[in-house]
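Visitor: First the structure, which I've put down as structure tokens, then a few questions once you've had a look.
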Amino acid sequence: MDVSEKTRIEETLARLKGLLGEKGAIADSAGMAPYLAEQRELYQSNARLVLRPASTREVAEAVKLCAEASIPIYPQGGNTGLVGGAVSTPDGVLLNLGRLNRVREIDPINFTITAEAGCVLADIQRAAEQADRLFPLSLGAEGSCQIGGNLSTNAGGIAVLRYGNMRELTLGLEVVLPDGRVWNGLRGLRKNNTGYDLKQLFIGGEGTLGIITAATLKLFPRPREVETAFLGLKRIEDVMQLFARARAASGDQLTGFELVPRIGIDNALKHGVNLRDPLKTRHDWYVLLEVSSSQKDSGLRGALEDLLAQAMESSLVQDGVISSSEAQRNELWRIRASLAELQGALGGSIKHDVSVPVSRVADFILKANAAVSARLPGIRPYPFGHVGDGNIHYNLSQPAGADKTVFLKRWAEFNRIVHDIVVEMGGSISAEHGIGLVKIGELEHYAQKLELELMHRIKTAFDPQGIMNPGKLLKPAP
Ligand SMILES: Cc1cc2nc3c(=O)[nH]c(=O)nc-3n(C[C@H](O)[C@H](O)[C@H](O)COP(=O)(O)OP(=O)(O)OC[C@H]3O[C@@H](n4cnc5c(N)ncnc54)[C@H](O)[C@@H]3O)c2cc1C
């Protein structure tokens with residue numbers, strides 16, 4: 001770096017501090033530390049400054065200054081992402097959206113909420129509830145992840161089956177482009193056929209095309225009745241048969257269909273606090289099934305009981321319980337939540353967030369279990385998650401008593417085994433967490449050449465300087 005460039009960068013950093021003030025430009029290492037940590041402890045961020053602008057105008061002006069000095073910008077929301085997407089480098093600035101946290105408008109007749117990117121997901125859910133509406137996105141990190149992060153990773157979660165992921169929940173966006181201009185696409189329209197759907201490029205774009213500053217999101221009628229069942233089944237094939245039956249019988253009312261393996265229950269009972277086995281006997285597989293209706297006295301409970309009685313009669317389901325109180329329902333969901341939280345108690349874990357067509361889920365799990373066990377006898381497959389969407393968190397725990405470090409060194413080897421099966425079945429190597437840094441090599445390996453070429457062209461069209469979250473999702477063009 002020559003002297004003039006160094007001076008230019010120093011001048012820009014000084015102007016950023018002047019623009020954003022003490023609260024908006026953090027330079028001391030203690031103040032920066034929380035933003036530079038990474039959820040999975042796989043990476044350590046670094047940055048010239050942490051920026052925390054408080055308005056779209058401040059974001060735009062900060063981006064413009066950075067663009068003029070070619071300083072890389074790393075957008076960050078709640079920093080809960082699981083693929084290293086919000087990690088920054090020493091030559092760049094990390095731009096955290098946490099201070100853009102206003103709900104701009106709730107329109108109960110249009111069933112929409114317009115909120116800034118830094119709003120925490122749980123706060124959006126609460127704001128919708130106060131207006132007697134539902135914002136349905138729900139996931140484990142909802143107490144700290146932000147709408148902008150949810151949008152940029154196209155987050156999914158536990159109610160996609162009924163309401164869709166962030167792509168389907170979004171009507172409009174406001175985005176600061178990599179040159180500092182603001183695109184106002186904050187429309188609340190269900191119907192709008194006026195050319196390319198630009199917002200979809202930013203959703204799931206992992207901050208590589210621009211910084212989302214606000215969004216208009218869909219709301220729904222609130223559920224008045226919710227019924228939750230926890231069911232024990234013998235075979236994974238039965239789980240997916242049950243799914244097909246439940247979906248056909250309850251249509252739109254099926255809201256959640258989550259897979260829980262026995263290994264997860266054993267682990268939860270051993271290491272969890274105040275968790276108990278919901279069923280009296282042991283089963284190889286469990287399903288957490290939820291139906292809901294926005295009508296009172298909808299007959300939901302009766303329909304669920306009929307469905308389960310028939311499924312038990314035909315031996316599809318071995319045993320089950322329907323929750324009889326909100327407390328019991330929460331207890332069932334706590335078991336589901338404990339699967340990811342407590343897996344570490346079994347030692348090292350190699351993770352996959354994959355999807356296949358729903359009709360291939362059972363086949364995938366059986367094939368993948370056989371393949372990984374053949375490669376390493378004693379390995380403990382720990383598949384769980386949103387199988388009603390074809391999404392399996394296909395995690396692998398180390399063999400009991402094995403060396404954790406040695407096991408984790410085989411991460412890429414097991415990724416290849418599992419991802420080969422996924423791709424052969426027409427599936428995806430990243431169902432809901434994104435690519436970030438963790439899966440960039442896998443995307444290069446599996447994506448069609450033409451897909452990659454088109455993605456690089458889009459990146460160049462929006463960000464010719466390559467300063468917006470560089471090195472994420474796509475490798476920098478050669
Ligand atoms: C316990 C737990 C459970 C989870 N469960 C689920 C789940 O069920 N389903 C699911 O889909 N995900 C899940 N996740 C991962 C999920 O992707 C994130 O939690 C969330 O969507 C990311 O939001 P965030 O605000 O933390 O984003 P961050 O982690 O801060 O950022 C994620 C990515 O988005 C970019 N970004 C953030 N904000 C913006 C913005 N305003 N403009 C442009 N780019 C931006 C970042 O650069 C980065 O690439 C889970 C994570 C945890 C820790």
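Ordering of the structure tokens sets the chain letters (A, B, ...); residue numbers start at 1 within each chain; ligands are numbered from 1 in the order shown.
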For chain A against ligand 1, with a cut-off of 6 Å and counting only C-alpha atoms and all ligand atoms, what is the closest atom pair and its distance in Å to one decimal for every residue that makes the cut, ordered by chain and number, as a tab-separated table?

Guide:
residue	atom	partner	partner_atom_place_in_ligand_line	distance
A:Tyr74	CA	ligand 1	47 (O)	5.8
A:Pro75	CA	ligand 1	47 (O)	4.2
A:Gln76	CA	ligand 1	30 (O)	4.0
A:Gly77	CA	ligand 1	30 (O)	3.3
A:Gly78	CA	ligand 1	26 (O)	3.5
A:Asn79	CA	ligand 1	30 (O)	3.3
A:Thr80	CA	ligand 1	26 (O)	3.5
A:Gly81	CA	ligand 1	29 (O)	3.3
A:Leu82	CA	ligand 1	15 (C)	5.4
A:Gly85	CA	ligand 1	49 (O)	3.5
A:Ala86	CA	ligand 1	47 (O)	4.1
A:Leu97	CA	ligand 1	41 (N)	5.9
A:Ala117	CA	ligand 1	41 (N)	5.0
A:Leu139	CA	ligand 1	8 (O)	4.4
A:Gly140	CA	ligand 1	3 (C)	3.8
A:Ala141	CA	ligand 1	2 (C)	4.3
A:Cys145	CA	ligand 1	25 (O)	3.7
A:Gln146	CA	ligand 1	25 (O)	3.7
A:Gly148	CA	ligand 1	41 (N)	3.7
A:Gly149	CA	ligand 1	27 (O)	3.4
A:Asn150	CA	ligand 1	21 (O)	3.6
A:Ser152	CA	ligand 1	34 (O)	4.5
A:Thr153	CA	ligand 1	34 (O)	5.4
A:Ala155	CA	ligand 1	11 (O)	3.3
A:Gly156	CA	ligand 1	11 (O)	3.8
A:Gly157	CA	ligand 1	8 (O)	3.4
A:Glu206	CA	ligand 1	49 (O)	3.8
A:Gly207	CA	ligand 1	44 (N)	3.2
A:Gly210	CA	ligand 1	43 (C)	5.9
A:Ile211	CA	ligand 1	42 (N)	3.7
A:Ile212	CA	ligand 1	42 (N)	3.8
A:Thr213	CA	ligand 1	41 (N)	5.6
A:Glu432	CA	ligand 1	11 (O)	4.3
A:His433	CA	ligand 1	17 (O)	4.8
A:Gly436	CA	ligand 1	49 (O)	5.9

Visitor: Store the residues picked out above in a file with N, CA and C atoms, as a tab-separated table (two decimals), in the first residue's frame.

Guide:
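Generated file (part34.tsv):
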chain	number	residue	atom	x	y	z
A	74	TYR	N	-18.41	-5.34	5.43
A	74	TYR	CA	-18.97	-6.63	5.84
A	74	TYR	C	-20.25	-6.40	6.63
A	75	PRO	N	-21.42	-6.63	6.02
A	75	PRO	CA	-22.68	-6.41	6.76
A	75	PRO	C	-22.88	-7.49	7.82
A	76	GLN	N	-23.47	-7.07	8.92
A	76	GLN	CA	-23.74	-8.02	10.01
A	76	GLN	C	-25.06	-7.68	10.69
A	77	GLY	N	-25.85	-8.73	10.99
A	77	GLY	CA	-27.08	-8.55	11.74
A	77	GLY	C	-26.84	-8.99	13.18
A	78	GLY	N	-27.57	-10.01	13.60
A	78	GLY	CA	-27.45	-10.51	14.98
A	78	GLY	C	-26.24	-11.43	15.18
A	79	ASN	N	-25.51	-11.71	14.11
A	79	ASN	CA	-24.29	-12.54	14.17
A	79	ASN	C	-24.58	-13.95	14.67
A	80	THR	N	-25.74	-14.49	14.31
A	80	THR	CA	-26.07	-15.86	14.72
A	80	THR	C	-25.93	-16.85	13.56
A	81	GLY	N	-25.55	-16.38	12.40
A	81	GLY	CA	-25.44	-17.24	11.21
A	81	GLY	C	-24.45	-18.37	11.46
A	82	LEU	N	-24.65	-19.46	10.73
A	82	LEU	CA	-23.88	-20.68	11.03
A	82	LEU	C	-22.84	-21.02	9.97
A	85	GLY	N	-20.84	-16.15	7.47
A	85	GLY	CA	-21.18	-15.13	6.47
A	85	GLY	C	-20.91	-13.71	6.92
A	86	ALA	N	-20.85	-13.46	8.23
A	86	ALA	CA	-20.67	-12.09	8.71
A	86	ALA	C	-19.25	-11.85	9.26
A	97	LEU	N	-26.07	-3.76	11.78
A	97	LEU	CA	-27.34	-3.05	11.54
A	97	LEU	C	-28.18	-2.87	12.82
A	117	ALA	N	-33.99	-3.24	9.14
A	117	ALA	CA	-33.25	-4.50	9.07
A	117	ALA	C	-32.73	-4.98	10.43
A	139	LEU	N	-37.42	-19.46	14.62
A	139	LEU	CA	-36.23	-20.33	14.66
A	139	LEU	C	-35.49	-20.15	15.97
A	140	GLY	N	-34.59	-21.09	16.24
A	140	GLY	CA	-33.92	-21.15	17.53
A	140	GLY	C	-33.24	-19.85	17.95
A	141	ALA	N	-32.73	-19.09	16.97
A	141	ALA	CA	-31.98	-17.88	17.31
A	141	ALA	C	-32.86	-16.63	17.32
A	145	CYS	N	-31.32	-12.99	16.39
A	145	CYS	CA	-31.10	-12.75	14.96
A	145	CYS	C	-31.98	-11.60	14.50
A	146	GLN	N	-31.58	-10.96	13.41
A	146	GLN	CA	-32.29	-9.77	12.93
A	146	GLN	C	-32.95	-10.03	11.58
A	148	GLY	N	-32.81	-8.36	8.88
A	148	GLY	CA	-31.88	-8.22	7.75
A	148	GLY	C	-31.06	-9.49	7.55
A	149	GLY	N	-30.66	-10.12	8.66
A	149	GLY	CA	-29.92	-11.38	8.57
A	149	GLY	C	-30.82	-12.51	8.10
A	150	ASN	N	-32.05	-12.52	8.59
A	150	ASN	CA	-33.02	-13.53	8.14
A	150	ASN	C	-33.23	-13.42	6.63
A	152	SER	N	-31.17	-12.00	4.43
A	152	SER	CA	-29.94	-12.24	3.66
A	152	SER	C	-29.56	-13.71	3.61
A	153	THR	N	-30.07	-14.50	4.58
A	153	THR	CA	-29.81	-15.95	4.54
A	153	THR	C	-31.05	-16.71	4.06
A	155	ALA	N	-33.83	-17.21	5.63
A	155	ALA	CA	-34.02	-18.14	6.76
A	155	ALA	C	-35.33	-18.94	6.62
A	156	GLY	N	-35.30	-20.12	7.20
A	156	GLY	CA	-36.45	-21.03	7.12
A	156	GLY	C	-37.10	-21.23	8.47
A	157	GLY	N	-36.65	-22.28	9.22
A	157	GLY	CA	-37.19	-22.49	10.56
A	157	GLY	C	-38.32	-23.49	10.58
A	206	GLU	N	-26.75	-13.05	1.05
A	206	GLU	CA	-25.72	-13.08	2.10
A	206	GLU	C	-24.89	-11.78	2.13
A	207	GLY	N	-25.57	-10.67	1.84
A	207	GLY	CA	-24.88	-9.38	1.96
A	207	GLY	C	-23.84	-9.14	0.90
A	210	GLY	N	-25.54	-5.94	-1.55
A	210	GLY	CA	-25.97	-4.67	-0.97
A	210	GLY	C	-26.39	-4.88	0.47
A	211	ILE	N	-26.72	-3.77	1.13
A	211	ILE	CA	-27.12	-3.85	2.54
A	211	ILE	C	-28.61	-3.59	2.65
A	212	ILE	N	-29.35	-4.58	3.13
A	212	ILE	CA	-30.78	-4.41	3.31
A	212	ILE	C	-30.98	-3.51	4.53
A	213	THR	N	-31.78	-2.44	4.35
A	213	THR	CA	-32.00	-1.53	5.48
A	213	THR	C	-33.44	-1.62	6.02
A	432	GLU	N	-30.87	-24.21	4.42
A	432	GLU	CA	-31.35	-22.96	5.00
A	432	GLU	C	-30.27	-22.09	5.63
A	433	HIS	N	-29.06	-22.57	5.79
A	433	HIS	CA	-28.05	-21.75	6.47
A	433	HIS	C	-27.22	-20.89	5.52
A	436	GLY	N	-21.88	-18.75	2.85
A	436	GLY	CA	-20.90	-18.03	3.66
A	436	GLY	C	-19.49	-18.39	3.28

Visitor: What parts of range 69-269 of chain A does DSSP call strand (DSSP E)? I'd like the answer as a PyMOL selection string.

Guide: chain A and resi 73-76+93-96+103-107+112-116+133-134+170-176+182-185+211-218+220-221+225-233+254-261

Visitor: Just the residues within 8 Å of Asp353 in chain A, please, counting only C-alpha atoms, with nothing from its chain fewer than 4 positions along; format it as a CSV table (one decimal) with all heavy atoms, in the first residue's frame.

Guide:
chain,number,residue,atom,x,y,z
A,391,ASN,N,-35.9,-31.0,4.6
A,391,ASN,CA,-34.6,-30.4,5.2
A,391,ASN,C,-34.2,-31.2,6.4
A,391,ASN,O,-34.9,-31.4,7.4
A,391,ASN,CB,-34.9,-29.0,5.6
A,391,ASN,CG,-33.7,-28.2,6.2
A,391,ASN,OD1,-33.9,-27.1,6.8
A,391,ASN,ND2,-32.5,-28.8,6.2
A,392,ILE,N,-33.0,-31.8,6.2
A,392,ILE,CA,-32.4,-32.7,7.3
A,392,ILE,C,-31.1,-32.0,7.8
A,392,ILE,O,-30.2,-31.7,7.0
A,392,ILE,CB,-32.1,-34.1,6.8
A,392,ILE,CG1,-33.3,-34.7,6.0
A,392,ILE,CG2,-31.7,-35.0,7.9
A,392,ILE,CD1,-33.0,-34.8,4.6
A,393,HIS,N,-31.1,-31.8,9.1
A,393,HIS,CA,-29.8,-31.4,9.7
A,393,HIS,C,-29.0,-32.8,9.9
A,393,HIS,O,-29.2,-33.4,11.0
A,393,HIS,CB,-30.0,-30.6,11.0
A,393,HIS,CG,-30.6,-29.3,10.7
A,393,HIS,ND1,-30.2,-28.4,9.7
A,393,HIS,CD2,-31.7,-28.7,11.2
A,393,HIS,CE1,-31.0,-27.4,9.6
A,393,HIS,NE2,-31.9,-27.5,10.6
A,394,TYR,N,-28.3,-33.2,8.9
A,394,TYR,CA,-27.7,-34.5,9.0
A,394,TYR,C,-26.4,-34.4,9.7
A,394,TYR,O,-25.3,-34.4,9.0
A,394,TYR,CB,-27.6,-35.1,7.6
A,394,TYR,CG,-27.2,-36.6,7.6
A,394,TYR,CD1,-28.1,-37.5,7.9
A,394,TYR,CD2,-25.9,-36.9,7.3
A,394,TYR,CE1,-27.7,-38.9,8.0
A,394,TYR,CE2,-25.5,-38.3,7.4
A,394,TYR,CZ,-26.4,-39.2,7.8
A,394,TYR,OH,-26.0,-40.5,7.9
A,429,ILE,N,-27.1,-28.8,-1.1
A,429,ILE,CA,-26.0,-28.9,0.0
A,429,ILE,C,-26.2,-27.8,1.0
A,429,ILE,O,-25.5,-27.8,2.0
A,429,ILE,CB,-24.6,-28.8,-0.6
A,429,ILE,CG1,-24.4,-27.5,-1.4
A,429,ILE,CG2,-24.3,-30.0,-1.5
A,429,ILE,CD1,-23.0,-27.1,-1.5
A,430,SER,N,-27.1,-26.9,0.8
A,430,SER,CA,-27.4,-25.9,1.9
A,430,SER,C,-28.9,-25.6,1.8
A,430,SER,O,-29.3,-24.8,1.0
A,430,SER,CB,-26.6,-24.6,1.7
A,430,SER,OG,-26.9,-23.7,2.7
A,431,ALA,N,-29.6,-26.1,2.8
A,431,ALA,CA,-31.1,-26.0,2.7
A,431,ALA,C,-31.5,-24.6,3.3
A,431,ALA,O,-32.3,-24.0,2.7
A,431,ALA,CB,-31.7,-27.1,3.5
A,432,GLU,N,-30.9,-24.2,4.4
A,432,GLU,CA,-31.4,-23.0,5.0
A,432,GLU,C,-30.3,-22.1,5.6
A,432,GLU,O,-30.5,-21.0,6.0
A,432,GLU,CB,-32.5,-23.2,6.0
A,432,GLU,CG,-32.1,-24.1,7.2
A,432,GLU,CD,-33.2,-24.3,8.2
A,432,GLU,OE1,-34.4,-23.8,8.0
A,432,GLU,OE2,-32.9,-24.8,9.3
A,433,HIS,N,-29.1,-22.6,5.8
A,433,HIS,CA,-28.1,-21.7,6.5
A,433,HIS,C,-27.2,-20.9,5.5
A,433,HIS,O,-26.6,-19.9,5.9
A,433,HIS,CB,-27.1,-22.6,7.3
A,433,HIS,CG,-27.8,-23.3,8.4
A,433,HIS,ND1,-27.3,-24.4,9.1
A,433,HIS,CD2,-29.0,-23.1,9.0
A,433,HIS,CE1,-28.2,-24.8,10.0
A,433,HIS,NE2,-29.2,-24.0,10.0

Visitor: Enumerate the residues of range 283-449 of chain A with a DSSP assignment of helix (DSSP H, G or I), computed from the backbone, and present them as a PyMOL selection string.

Guide: chain A and resi 300-313+326-346+358-375+387-389+404-408+411-424+440-446+449

Visitor: What's around Ala303 in chain A at 12 Å? Count only C-alpha atoms, leave out sequence neighbours fewer than 4 positions away in its own chain, and write the answer as a short mmCIF file (atom, residue, chain, number, x, y, z; two decimals) with C-alpha atoms, in the first residue's frame.

Guide:
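Here's the written file part.cif:
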data_model
loop_
_atom_site.label_atom_id
_atom_site.label_comp_id
_atom_site.auth_asym_id
_atom_site.auth_seq_id
_atom_site.Cartn_x
_atom_site.Cartn_y
_atom_site.Cartn_z
CA GLU A 227 -52.46 -28.80 18.68
CA ALA A 246 -51.04 -35.78 7.71
CA ALA A 249 -55.69 -34.96 5.76
CA SER A 250 -55.03 -31.54 7.27
CA GLY A 251 -53.88 -29.53 4.26
CA GLN A 253 -53.38 -26.71 8.92
CA LEU A 254 -50.16 -28.75 9.12
CA VAL A 291 -51.43 -28.27 13.38
CA SER A 292 -53.01 -24.88 13.80
CA SER A 293 -56.10 -22.99 12.75
CA ASP A 297 -63.82 -24.36 17.47
CA SER A 298 -62.31 -25.56 14.22
CA GLY A 299 -62.47 -29.22 15.19
CA LEU A 307 -55.53 -39.06 12.04
CA LEU A 308 -53.45 -40.56 14.84
CA ALA A 309 -55.98 -43.31 15.62
CA GLN A 310 -55.89 -44.41 11.99
#
